[in-house]
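Structure file query35.pdb (PDB, C-alpha atoms) follows.
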```pdb
ATOM      1  CA  MET E   1      -0.026 133.949  53.710
ATOM      2  CA  LYS E   2       2.317 134.638  56.629
ATOM      3  CA  GLU E   3       0.095 132.514  58.893
ATOM      4  CA  VAL E   4       0.649 129.269  56.976
ATOM      5  CA  THR E   5       2.564 126.687  59.026
ATOM      6  CA  THR E   6       1.614 123.356  57.387
ATOM      7  CA  ILE E   7       0.846 122.642  53.743
ATOM      8  CA  GLY E   8      -0.456 119.539  52.047
ATOM      9  CA  LEU E   9       0.634 119.406  48.404
ATOM     10  CA  ASP E  10      -1.092 116.987  46.040
ATOM     11  CA  LEU E  11       1.320 116.320  43.186
ATOM     12  CA  ALA E  12       0.242 115.987  39.574
ATOM     13  CA  LYS E  13       1.584 116.396  36.069
ATOM     14  CA  ASN E  14       0.283 119.904  35.386
ATOM     15  CA  VAL E  15      -2.153 121.071  38.107
ATOM     16  CA  PHE E  16      -1.063 120.877  41.766
ATOM     17  CA  GLN E  17      -3.485 121.297  44.674
ATOM     18  CA  VAL E  18      -2.411 123.209  47.808
ATOM     19  CA  HIS E  19      -4.075 122.988  51.228
ATOM     20  CA  GLY E  20      -2.552 125.136  54.000
ATOM     21  CA  VAL E  21      -3.429 125.622  57.674
ATOM     22  CA  ASP E  22      -2.153 127.846  60.479
ATOM     23  CA  ARG E  23      -0.978 126.822  63.947
ATOM     24  CA  ALA E  24      -4.553 126.434  65.176
ATOM     25  CA  GLY E  25      -5.446 124.117  62.282
ATOM     26  CA  THR E  26      -7.619 126.686  60.529
ATOM     27  CA  VAL E  27      -7.595 126.516  56.739
ATOM     28  CA  VAL E  28      -5.990 129.678  55.357
ATOM     29  CA  VAL E  29      -5.225 128.662  51.770
ATOM     30  CA  ARG E  30      -6.847 126.249  49.366
ATOM     31  CA  ARG E  31      -5.956 126.690  45.725
ATOM     32  CA  ALA E  32      -4.630 125.042  42.574
ATOM     33  CA  LEU E  33      -1.258 125.849  41.013
ATOM     34  CA  ARG E  34       0.058 125.247  37.549
ATOM     35  CA  ARG E  35       3.380 123.453  37.289
ATOM     36  CA  SER E  36       5.202 126.655  36.320
ATOM     37  CA  GLN E  37       3.768 128.467  39.367
ATOM     38  CA  VAL E  38       4.756 126.012  42.122
ATOM     39  CA  LEU E  39       8.313 127.106  42.886
ATOM     40  CA  ALA E  40       7.548 130.816  42.537
ATOM     41  CA  TRP E  41       4.581 130.503  44.910
ATOM     42  CA  PHE E  42       6.513 128.584  47.566
ATOM     43  CA  ALA E  43       9.449 130.996  47.284
ATOM     44  CA  LYS E  44       7.206 133.779  48.628
ATOM     45  CA  LEU E  45       6.206 131.762  51.700
ATOM     46  CA  PRO E  46       8.123 131.768  54.983
ATOM     47  CA  PRO E  47       9.606 128.360  55.892
ATOM     48  CA  CYS E  48       6.847 125.896  56.740
ATOM     49  CA  LEU E  49       6.130 122.162  56.863
ATOM     50  CA  VAL E  50       5.186 120.692  53.477
ATOM     51  CA  GLY E  51       3.740 117.211  53.165
ATOM     52  CA  MET E  52       3.544 115.205  49.933
ATOM     53  CA  GLU E  53       2.752 111.659  48.954
ATOM     54  CA  ALA E  54       5.796 109.544  48.095
ATOM     55  CA  CYS E  55       4.722 109.076  44.487
ATOM     56  CA  ALA E  56       6.171 109.933  41.081
ATOM     57  CA  THR E  57       8.293 113.148  41.038
ATOM     58  CA  ALA E  58       7.985 113.483  44.840
ATOM     59  CA  HIS E  59      11.743 113.291  45.446
ATOM     60  CA  TYR E  60      12.389 115.989  42.830
ATOM     61  CA  TRP E  61       9.868 118.397  44.348
ATOM     62  CA  GLY E  62      11.120 117.559  47.824
ATOM     63  CA  ARG E  63      14.654 118.589  46.873
ATOM     64  CA  GLU E  64      13.435 121.780  45.185
ATOM     65  CA  LEU E  65      11.288 122.876  48.135
ATOM     66  CA  ARG E  66      14.089 122.125  50.580
ATOM     67  CA  ARG E  67      16.329 124.490  48.643
ATOM     68  CA  LEU E  68      13.708 127.180  49.317
ATOM     69  CA  GLY E  69      14.025 126.577  53.074
ATOM     70  CA  HIS E  70      10.906 124.484  53.683
ATOM     71  CA  GLU E  71      10.762 121.284  55.711
ATOM     72  CA  VAL E  72       9.495 118.532  53.398
ATOM     73  CA  ARG E  73       8.129 115.151  54.454
ATOM     74  CA  LEU E  74       7.066 112.356  52.117
ATOM     75  CA  ILE E  75       4.170 110.159  53.246
ATOM     76  CA  PRO E  76       3.486 106.656  51.870
ATOM     77  CA  PRO E  77       0.241 106.940  49.843
ATOM     78  CA  ALA E  78      -1.394 104.083  51.771
ATOM     79  CA  TYR E  79      -0.949 106.009  55.033
ATOM     80  CA  ALA E  80      -2.348 109.254  53.649
ATOM     81  CA  LYS E  81      -5.387 107.513  52.152
ATOM     82  CA  ALA E  82      -6.839 106.872  55.608
ATOM     83  CA  TYR E  83      -7.271 110.637  56.144
ATOM     84  CA  VAL E  84      -9.442 111.198  53.045
ATOM     85  CA  ARG E  85     -12.905 111.840  54.493
ATOM     86  CA  ARG E  86     -15.318 111.254  51.628
ATOM     87  CA  ASN E  87     -15.100 111.733  47.885
ATOM     88  CA  LYS E  88     -11.654 111.442  46.366
ATOM     89  CA  ASN E  89     -10.452 114.494  44.454
ATOM     90  CA  ASP E  90      -7.371 116.688  44.393
ATOM     91  CA  ALA E  91      -8.657 119.059  47.090
ATOM     92  CA  ALA E  92      -9.602 116.174  49.405
ATOM     93  CA  ASP E  93      -6.228 114.510  48.839
ATOM     94  CA  ALA E  94      -4.338 117.722  49.668
ATOM     95  CA  ALA E  95      -6.397 118.170  52.839
ATOM     96  CA  ALA E  96      -5.711 114.559  53.865
ATOM     97  CA  ILE E  97      -1.971 115.001  53.281
ATOM     98  CA  CYS E  98      -1.985 118.213  55.316
ATOM     99  CA  GLU E  99      -3.650 116.427  58.222
ATOM    100  CA  ALA E 100      -1.487 113.293  57.993
ATOM    101  CA  VAL E 101       1.861 115.102  57.873
ATOM    102  CA  GLY E 102       1.368 116.500  61.377
ATOM    103  CA  ARG E 103       0.576 113.173  63.065
ATOM    104  CA  PRO E 104       3.236 112.269  65.652
ATOM    105  CA  ALA E 105       3.172 108.547  64.825
ATOM    106  CA  MET E 106       3.272 108.982  61.047
ATOM    107  CA  ARG E 107       6.066 107.276  59.115
ATOM    108  CA  PHE E 108       7.872 109.121  56.357
ATOM    109  CA  VAL E 109      10.001 108.283  53.340
ATOM    110  CA  THR E 110      13.547 109.628  53.191
ATOM    111  CA  ILE E 111      14.083 112.035  50.299
ATOM    112  CA  LYS E 112      16.731 110.780  47.887
ATOM    113  CA  THR E 113      19.490 112.924  46.477
ATOM    114  CA  GLU E 114      19.995 113.051  42.728
ATOM    115  CA  GLN E 115      22.827 110.512  42.919
ATOM    116  CA  GLN E 116      20.804 108.155  45.115
ATOM    117  CA  GLN E 117      17.789 108.420  42.856
ATOM    118  CA  ALA E 118      19.917 107.739  39.778
ATOM    119  CA  ALA E 119      21.450 104.664  41.441
ATOM    120  CA  ALA E 120      17.962 103.366  42.251
ATOM    121  CA  ALA E 121      16.610 104.164  38.774
ATOM    122  CA  ILE E 122      19.284 102.117  37.011
ATOM    123  CA  HIS E 123      17.886  99.036  38.765
ATOM    124  CA  ARG E 124      14.452  99.818  37.353
ATOM    125  CA  VAL E 125      16.013 100.053  33.889
ATOM    126  CA  ARG E 126      17.691  96.686  34.408
ATOM    127  CA  ASP E 127      14.439  95.134  35.604
ATOM    128  CA  LEU E 128      12.621  96.420  32.513
ATOM    129  CA  LEU E 129      15.281  95.025  30.172
ATOM    130  CA  ILE E 130      15.070  91.629  31.900
ATOM    131  CA  LYS E 131      11.302  91.579  31.333
ATOM    132  CA  GLN E 132      11.779  92.447  27.660
ATOM    133  CA  ARG E 133      14.409  89.730  27.314
ATOM    134  CA  THR E 134      12.023  87.174  28.809
ATOM    135  CA  MET E 135       9.232  88.302  26.479
ATOM    136  CA  LEU E 136      11.470  87.880  23.441
ATOM    137  CA  ARG E 137      12.592  84.422  24.578
ATOM    138  CA  ASN E 138       9.012  83.252  25.058
ATOM    139  CA  GLN E 139       7.919  84.723  21.733
ATOM    140  CA  LEU E 140      10.784  83.004  19.944
ATOM    141  CA  ARG E 141      10.051  79.641  21.531
ATOM    142  CA  GLY E 142       6.311  79.905  20.916
ATOM    143  CA  LEU E 143       6.529  80.818  17.238
ATOM    144  CA  LEU E 144       9.141  78.171  16.472
ATOM    145  CA  ALA E 145       7.065  75.533  18.272
ATOM    146  CA  GLU E 146       4.245  76.193  15.773
ATOM    147  CA  PHE E 147       6.481  74.622  13.127
ATOM    148  CA  GLY E 148       7.708  71.705  15.216
ATOM    149  CA  VAL E 149      10.977  73.313  16.333
ATOM    150  CA  VAL E 150      11.128  72.645  20.081
ATOM    151  CA  ALA E 151      14.082  72.712  22.463
ATOM    152  CA  ALA E 152      14.637  72.117  26.151
ATOM    153  CA  GLN E 153      14.206  74.848  28.724
ATOM    154  CA  GLY E 154      17.142  76.951  29.823
ATOM    155  CA  ARG E 155      20.007  78.668  28.093
ATOM    156  CA  ARG E 156      21.222  75.514  26.315
ATOM    157  CA  GLY E 157      17.849  74.966  24.664
ATOM    158  CA  LEU E 158      17.662  78.612  23.628
ATOM    159  CA  ASN E 159      21.097  78.377  22.015
ATOM    160  CA  GLU E 160      19.878  75.370  20.033
ATOM    161  CA  LEU E 161      16.928  77.393  18.732
ATOM    162  CA  LEU E 162      19.183  80.295  17.790
ATOM    163  CA  ALA E 163      21.500  77.923  15.943
ATOM    164  CA  ILE E 164      18.544  76.493  13.998
ATOM    165  CA  LEU E 165      17.295  79.982  13.192
ATOM    166  CA  SER E 166      20.736  81.049  11.976
ATOM    167  CA  ASP E 167      21.129  78.016   9.702
ATOM    168  CA  PRO E 168      20.264  79.119   6.128
ATOM    169  CA  GLU E 169      19.662  75.508   5.066
ATOM    170  CA  GLU E 170      16.974  74.912   7.693
ATOM    171  CA  GLN E 171      13.725  74.263   5.765
ATOM    172  CA  ARG E 172      11.221  73.968   8.613
ATOM    173  CA  ILE E 173      10.935  77.755   9.061
ATOM    174  CA  PRO E 174       9.191  79.641   6.211
ATOM    175  CA  SER E 175      11.040  82.584   4.710
ATOM    176  CA  PRO E 176       8.761  85.461   5.871
ATOM    177  CA  LEU E 177       8.792  84.198   9.447
ATOM    178  CA  ARG E 178      12.532  83.623   9.389
ATOM    179  CA  GLU E 179      13.144  87.331   8.717
ATOM    180  CA  GLY E 180      10.892  88.385  11.597
ATOM    181  CA  LEU E 181      12.430  85.904  14.023
ATOM    182  CA  THR E 182      15.900  87.016  12.984
ATOM    183  CA  ALA E 183      14.934  90.550  14.004
ATOM    184  CA  VAL E 184      13.707  89.188  17.342
ATOM    185  CA  MET E 185      16.990  87.334  17.788
ATOM    186  CA  GLU E 186      19.052  90.444  17.082
ATOM    187  CA  THR E 187      16.931  92.484  19.495
ATOM    188  CA  TRP E 188      17.428  89.827  22.174
ATOM    189  CA  ARG E 189      21.176  89.852  21.671
ATOM    190  CA  GLY E 190      21.218  93.657  21.869
ATOM    191  CA  ILE E 191      19.375  93.528  25.208
ATOM    192  CA  GLU E 192      21.862  90.912  26.438
ATOM    193  CA  ARG E 193      24.754  93.257  25.660
ATOM    194  CA  LYS E 194      22.997  96.161  27.390
ATOM    195  CA  LEU E 195      22.355  94.077  30.510
ATOM    196  CA  GLU E 196      25.994  93.029  30.653
ATOM    197  CA  ALA E 197      27.056  96.672  30.400
ATOM    198  CA  ILE E 198      24.634  97.694  33.174
ATOM    199  CA  ASP E 199      25.887  94.892  35.426
ATOM    200  CA  ARG E 200      29.481  96.018  34.919
ATOM    201  CA  GLN E 201      28.428  99.602  35.682
ATOM    202  CA  MET E 202      26.743  98.509  38.931
ATOM    203  CA  VAL E 203      29.784  96.552  40.064
ATOM    204  CA  ALA E 204      32.134  99.451  39.270
ATOM    205  CA  ALA E 205      29.905 101.944  41.118
ATOM    206  CA  GLY E 206      29.515  99.572  44.071
ATOM    207  CA  ARG E 207      33.236  99.265  44.635
ATOM    208  CA  ALA E 208      33.289 102.965  45.497
ATOM    209  CA  ASP E 209      30.395 102.582  47.978
ATOM    210  CA  ALA E 210      31.242 101.473  51.522
ATOM    211  CA  THR E 211      27.757 100.012  52.093
ATOM    212  CA  TYR E 212      28.086  97.846  48.986
ATOM    213  CA  ARG E 213      31.469  96.556  50.112
ATOM    214  CA  HIS E 214      30.032  95.550  53.487
ATOM    215  CA  LEU E 215      26.964  93.846  52.017
ATOM    216  CA  VAL E 216      28.801  91.820  49.399
ATOM    217  CA  THR E 217      30.703  89.981  52.148
ATOM    218  CA  ALA E 218      27.500  88.345  53.421
ATOM    219  CA  PRO E 219      26.412  84.919  52.108
ATOM    220  CA  GLY E 220      23.611  85.178  49.563
ATOM    221  CA  TYR E 221      24.531  88.753  48.654
ATOM    222  CA  GLY E 222      25.860  89.079  45.132
ATOM    223  CA  PRO E 223      26.807  92.261  43.275
ATOM    224  CA  ILE E 224      23.250  93.001  42.074
ATOM    225  CA  LEU E 225      21.538  92.479  45.443
ATOM    226  CA  SER E 226      24.234  94.447  47.281
ATOM    227  CA  SER E 227      23.967  97.310  44.786
ATOM    228  CA  ALA E 228      20.161  97.348  44.983
ATOM    229  CA  MET E 229      20.174  97.294  48.778
ATOM    230  CA  ALA E 230      22.671 100.156  48.987
ATOM    231  CA  ALA E 231      20.750 102.211  46.420
ATOM    232  CA  LEU E 232      17.173 101.656  47.606
ATOM    233  CA  VAL E 233      17.591 101.581  51.396
ATOM    234  CA  ILE E 234      18.628 105.165  52.080
ATOM    235  CA  ASP E 235      18.135 105.252  55.847
ATOM    236  CA  PRO E 236      18.330 101.799  57.486
ATOM    237  CA  GLY E 237      18.411 103.508  60.883
ATOM    238  CA  ALA E 238      14.725 104.361  60.424
ATOM    239  CA  PHE E 239      13.983 100.764  61.473
ATOM    240  CA  LYS E 240      14.510  99.888  65.124
ATOM    241  CA  ARG E 241      15.256  96.226  64.485
ATOM    242  CA  GLY E 242      16.178  93.978  61.609
ATOM    243  CA  CYS E 243      12.830  92.201  61.838
ATOM    244  CA  ASP E 244      11.097  95.554  61.221
ATOM    245  CA  PHE E 245      13.133  95.963  58.051
ATOM    246  CA  ALA E 246      12.232  92.453  56.890
ATOM    247  CA  ALA E 247       8.564  93.187  57.608
ATOM    248  CA  SER E 248       8.742  96.358  55.508
ATOM    249  CA  LEU E 249       9.765  94.178  52.541
ATOM    250  CA  GLY E 250       6.807  91.818  53.003
ATOM    251  CA  LEU E 251       8.887  88.833  54.145
ATOM    252  CA  VAL E 252       6.795  88.090  57.253
ATOM    253  CA  PRO E 253       3.409  86.322  57.593
ATOM    254  CA  ARG E 254       0.307  88.422  57.184
ATOM    255  CA  GLN E 255      -1.704  88.667  60.392
ATOM    256  CA  ASP E 256      -5.480  88.370  60.508
ATOM    257  CA  GLY E 257      -7.261  88.088  63.821
ATOM    258  CA  THR E 258      -9.668  89.542  66.329
ATOM    259  CA  GLY E 259     -10.739  88.859  69.872
ATOM    260  CA  GLY E 260      -7.239  87.897  70.892
ATOM    261  CA  LYS E 261      -6.975  85.174  68.242
ATOM    262  CA  VAL E 262      -4.334  85.962  65.643
ATOM    263  CA  ARG E 263      -4.017  83.835  62.516
ATOM    264  CA  LEU E 264      -0.847  83.892  60.436
ATOM    265  CA  GLY E 265      -1.166  83.564  56.683
ATOM    266  CA  PRO E 266       1.279  83.743  53.759
ATOM    267  CA  ILE E 267       3.854  86.520  53.494
ATOM    268  CA  SER E 268       2.330  89.973  53.142
ATOM    269  CA  LYS E 269       4.300  90.935  49.969
ATOM    270  CA  ARG E 270       4.267  94.566  51.024
ATOM    271  CA  GLY E 271       7.022  97.053  50.385
ATOM    272  CA  ASN E 272       9.596  96.938  47.600
ATOM    273  CA  GLY E 273       8.884  93.908  45.431
ATOM    274  CA  TYR E 274      12.176  94.229  43.545
ATOM    275  CA  LEU E 275      14.275  93.929  46.704
ATOM    276  CA  ARG E 276      12.103  91.092  47.979
ATOM    277  CA  ARG E 277      12.565  89.165  44.734
ATOM    278  CA  LEU E 278      16.329  89.635  44.798
ATOM    279  CA  LEU E 279      16.493  88.445  48.402
ATOM    280  CA  VAL E 280      14.472  85.321  47.602
ATOM    281  CA  ASN E 281      16.698  84.633  44.588
ATOM    282  CA  GLY E 282      19.782  85.011  46.759
ATOM    283  CA  ALA E 283      18.320  82.677  49.357
ATOM    284  CA  THR E 284      17.438  80.116  46.680
ATOM    285  CA  SER E 285      20.985  80.105  45.340
ATOM    286  CA  LEU E 286      22.294  79.839  48.889
ATOM    287  CA  ILE E 287      20.184  76.741  49.549
ATOM    288  CA  LYS E 288      21.833  75.038  46.582
ATOM    289  CA  CYS E 289      25.235  75.573  48.196
ATOM    290  CA  GLN E 290      26.562  72.561  50.101
ATOM    291  CA  HIS E 291      27.969  74.759  52.883
ATOM    292  CA  ALA E 292      24.579  76.391  53.485
ATOM    293  CA  ARG E 293      22.767  73.049  53.637
ATOM    294  CA  GLN E 294      25.123  71.994  56.408
ATOM    295  CA  ASP E 295      23.762  74.798  58.579
ATOM    296  CA  PRO E 296      21.607  73.094  61.270
ATOM    297  CA  TRP E 297      18.882  75.747  60.958
ATOM    298  CA  VAL E 298      18.620  75.379  57.167
ATOM    299  CA  ALA E 299      18.875  71.581  57.335
ATOM    300  CA  LYS E 300      16.046  71.419  59.879
ATOM    301  CA  LEU E 301      13.792  73.558  57.702
ATOM    302  CA  LEU E 302      14.583  71.589  54.541
ATOM    303  CA  ALA E 303      13.668  68.380  56.353
ATOM    304  CA  SER E 304      10.155  69.551  57.190
ATOM    305  CA  LYS E 305       9.237  72.406  54.830
ATOM    306  CA  PRO E 306       8.992  72.851  51.054
ATOM    307  CA  ARG E 307      12.031  74.323  49.347
ATOM    308  CA  LYS E 308      10.329  77.611  48.450
ATOM    309  CA  VAL E 309       9.125  78.124  52.023
ATOM    310  CA  VAL E 310      12.687  77.643  53.238
ATOM    311  CA  ALA E 311      13.907  80.151  50.628
ATOM    312  CA  VAL E 312      11.484  82.805  51.905
ATOM    313  CA  ALA E 313      12.481  82.132  55.522
ATOM    314  CA  LEU E 314      16.133  82.414  54.563
ATOM    315  CA  ALA E 315      15.381  85.628  52.622
ATOM    316  CA  ASN E 316      13.952  87.065  55.834
ATOM    317  CA  LYS E 317      17.215  86.194  57.573
ATOM    318  CA  LEU E 318      19.247  87.760  54.751
ATOM    319  CA  ALA E 319      17.219  90.971  55.062
ATOM    320  CA  ARG E 320      17.975  91.151  58.787
ATOM    321  CA  ILE E 321      21.663  90.497  58.122
ATOM    322  CA  GLY E 322      21.698  93.251  55.501
ATOM    323  CA  TRP E 323      20.066  95.694  57.909
ATOM    324  CA  ALA E 324      22.699  94.937  60.553
ATOM    325  CA  LEU E 325      25.573  95.411  58.113
ATOM    326  CA  MET E 326      24.169  98.710  56.797
ATOM    327  CA  THR E 327      23.464 100.026  60.281
ATOM    328  CA  ARG E 328      26.807  99.068  61.801
ATOM    329  CA  GLN E 329      28.830  99.658  58.620
ATOM    330  CA  GLU E 330      30.950  96.552  59.045
ATOM    331  CA  ASP E 331      31.681  93.319  57.153
ATOM    332  CA  PHE E 332      29.830  90.088  57.765
ATOM    333  CA  ARG E 333      31.236  87.863  60.492
ATOM    334  CA  SER E 334      30.009  84.279  60.546
ATOM    335  CA  ARG E 335      29.274  82.686  63.866
ATOM    336  CA  PRO E 336      31.681  79.943  65.010
ATOM    337  CA  ALA E 337      30.299  76.443  64.551
ATOM    338  CA  ALA E 338      28.857  74.827  67.659
ATOM    339  CA  ALA E 339      31.065  72.198  69.253
TER     340      ALA E 339
END
```

Step by step, read the file and then write its structure as structure tokens.
Amino acid sequence: MKEVTTIGLDLAKNVFQVHGVDRAGTVVVRRALRRSQVLAWFAKLPPCLVGMEACATAHYWGRELRRLGHEVRLIPPAYAKAYVRRNKNDAADAAAICEAVGRPAMRFVTIKTEQQQAAAAIHRVRDLLIKQRTMLRNQLRGLLAEFGVVAAQGRRGLNELLAILSDPEEQRIPSPLREGLTAVMETWRGIERKLEAIDRQMVAAGRADATYRHLVTAPGYGPILSSAMAALVIDPGAFKRGCDFAASLGLVPRQDGTGGKVRLGPISKRGNGYLRRLLVNGATSLIKCQHARQDPWVAKLLASKPRKVVAVALANKLARIGWALMTRQEDFRSRPAAA
């Protein structure tokens, strides 16, 4: 076991697969470990390079193995998949990870601290609550429409439906259904209160973060987008340019070509979909602003392109602006208007 220099660790819930090689690349260990055996087994090893896929629980195990003195690198699963030779199983995955972690051109994921991971997880909680709120709204509208109770889209129409549901003299809704819809309404209101509390928590935590304070000065960056960017982008310096950061979020055209002919398609939609959605939402709200529409670049795009295409192009620009602010750690400075 003293000869092990590189280990590929395939993570799981209970049974972990280990694949270790020496300096010459010869396999010296190939075994399975129970969850309770992992830390004790790695504690007996001299410091070595450990590769893992950046999947569920990877950041936790990365922090634990670093405390034992090992060098840990997280590999995006799509990059490690290319090194699986034939049949997919735990042993083949561990061998592929072990081979991929030593590649000089491989890209790795920065391991989050507990505080960073908690800040990123609260956004996932918020996203889940928003989905549940939307489901409850749609269910409420759909069931009431079965009895001829229809309202306009948006918050005003929803308030009209809630007022009708709360009216005890309303006869269009049968009694058994009224009780069920009242429970749906109360659940929706409870989620609304929880979302408001989470938003206040994000704003309060962001005020103590220098990166958040820099990002929120940029146009199109609100409290939620600034908080998400500061929490999810741990190492912006890993990208050489702002366009590389925008490409990692899937905000650039997908390329498909051969023989020197490259065709550009729709955006690739790779990377973090939550950040990409927030950036597009911020760009959409920015387009509605009169000051933004006076920008010659935005005005030229709006004159020739659909509104959603312009929003995606502007989201790409916002991503590059965010990368610059995070890298330089400074506030946004608008360019002076051309004479």

- Item | Distance criterion (all atoms listed in the file): nearest to Ala283 of chain E out of E:Ala311, E:Val298, E:Arg270, E:Ala121 |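 Of E:Ala311, E:Val298, E:Arg270, E:Ala121, the one nearest Ala283 of chain E, counting all atoms listed in the file, is E:Ala311.
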
- Item | Test item: residues at most 9 Å from segment 76-87 of chain E, only C-alpha atoms, excluding those fewer than 3 positions along its chain, as a ChimeraX atom specification | /E:52-55,92-97,99-101,106-109

Got a sec: who's within 9 Å of Ala313 of chain E, counting only C-alpha atoms, leaving out chain neighbours fewer than 6 positions off, as a PDB file with C-alpha atoms, keeping the file's coordinate frame?
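Written file, out39.pdb:
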```pdb
ATOM      1  CA  LEU E 251       8.887  88.833  54.145  1.00  0.00           C
ATOM      2  CA  VAL E 252       6.795  88.090  57.253  1.00  0.00           C
ATOM      3  CA  VAL E 280      14.472  85.321  47.602  1.00  0.00           C
ATOM      4  CA  ALA E 283      18.320  82.677  49.357  1.00  0.00           C
ATOM      5  CA  LEU E 301      13.792  73.558  57.702  1.00  0.00           C
TER       6      LEU E 301
END
```

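Distances to Ile224 of chain E were evaluated for E:Val150, E:Arg137, E:Ile122, E:Lys131 using only C-alpha atoms, and the minimum falls at E:Ile122.
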
- With the file shown as input, list the residues that the PyMOL selection byres ((chain E and resi 333) around 12) selects, as a count of residues only. 14

- Task: Return as a PyMOL selection string the set of residues that the PyMOL selection byres ((chain E and resi 139-142) around 9) yields on the displayed structure.
- Result: chain E and resi 134-138+143-146+149-151+158+161+181+184-185

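For the choices E:Arg73, E:Arg31, E:Arg172, E:Lys240, the atom-to-atom distance to Arg103 of chain E is smallest for E:Arg73 when using all atoms listed in the file.
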
- Message: Just to confirm, what's the straight-line distance from atom CA of Leu249 of chain E to atom CA of Gly271 of chain E in Å (one decimal)?
- Response: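 Computing it gives 4.5 Å between the two atoms.
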
- Query: Pick the closest to Ala238 of chain E from E:Ile130, E:Thr327, E:Ala152, E:Pro168: which is it, counting only C-alpha atoms?
  - Reply: E:Thr327

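Proximity of E:Arg193, E:Glu170, E:Arg241, E:Gly220 to Ala292 of chain E, computed with only C-alpha atoms, is greatest for E:Gly220.
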
- Surrounding residues of segment 56-72 of chain E excluding itself and chain neighbours under 2 positions, 9 Å, only C-alpha atoms, as a PyMOL selection string: chain E and resi 11-13+39+42-43+45-54+74+110-114+117

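Here atom CA of Pro236 of chain E is placed at a distance of 22.8 Å from atom CA of Gly102 of chain E.
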
- Query: What is the atom CA of Arg126 of chain E-atom CA of Ile234 of chain E distance in Å, reported with one decimal?
  - Reply: 19.6 Å

- Task: Select, from E:Thr182, E:Ala319, E:Glu192, E:Gln153, the residue with the minimum atom-to-atom distance to Asp167 of chain E, counting only C-alpha atoms.
- Result: E:Thr182

- Applied to this file, what does the PyMOL selection byres ((chain E and resi 255) around 10) return in terms of residues, put as a PyMOL selection string? chain E and resi 252-254+256-258+262-268

- So which residues touch Asn14 of chain E within 9 Å, counting all atoms listed in the file, skipping near sequence neighbours fewer than 4 positions away, as a list in words? Leu33, Arg34, Arg35 and Ser36 of chain E

Print the selection's residues with C-alpha atoms to a file, as a short mmCIF file (atom, residue, chain, number, x, y, z; two decimals), keeping the file's coordinate frame.
```cif
data_model
loop_
_atom_site.label_atom_id
_atom_site.label_comp_id
_atom_site.auth_asym_id
_atom_site.auth_seq_id
_atom_site.Cartn_x
_atom_site.Cartn_y
_atom_site.Cartn_z
CA LEU E 33 -1.26 125.85 41.01
CA ARG E 34 0.06 125.25 37.55
CA ARG E 35 3.38 123.45 37.29
CA SER E 36 5.20 126.66 36.32
#
```
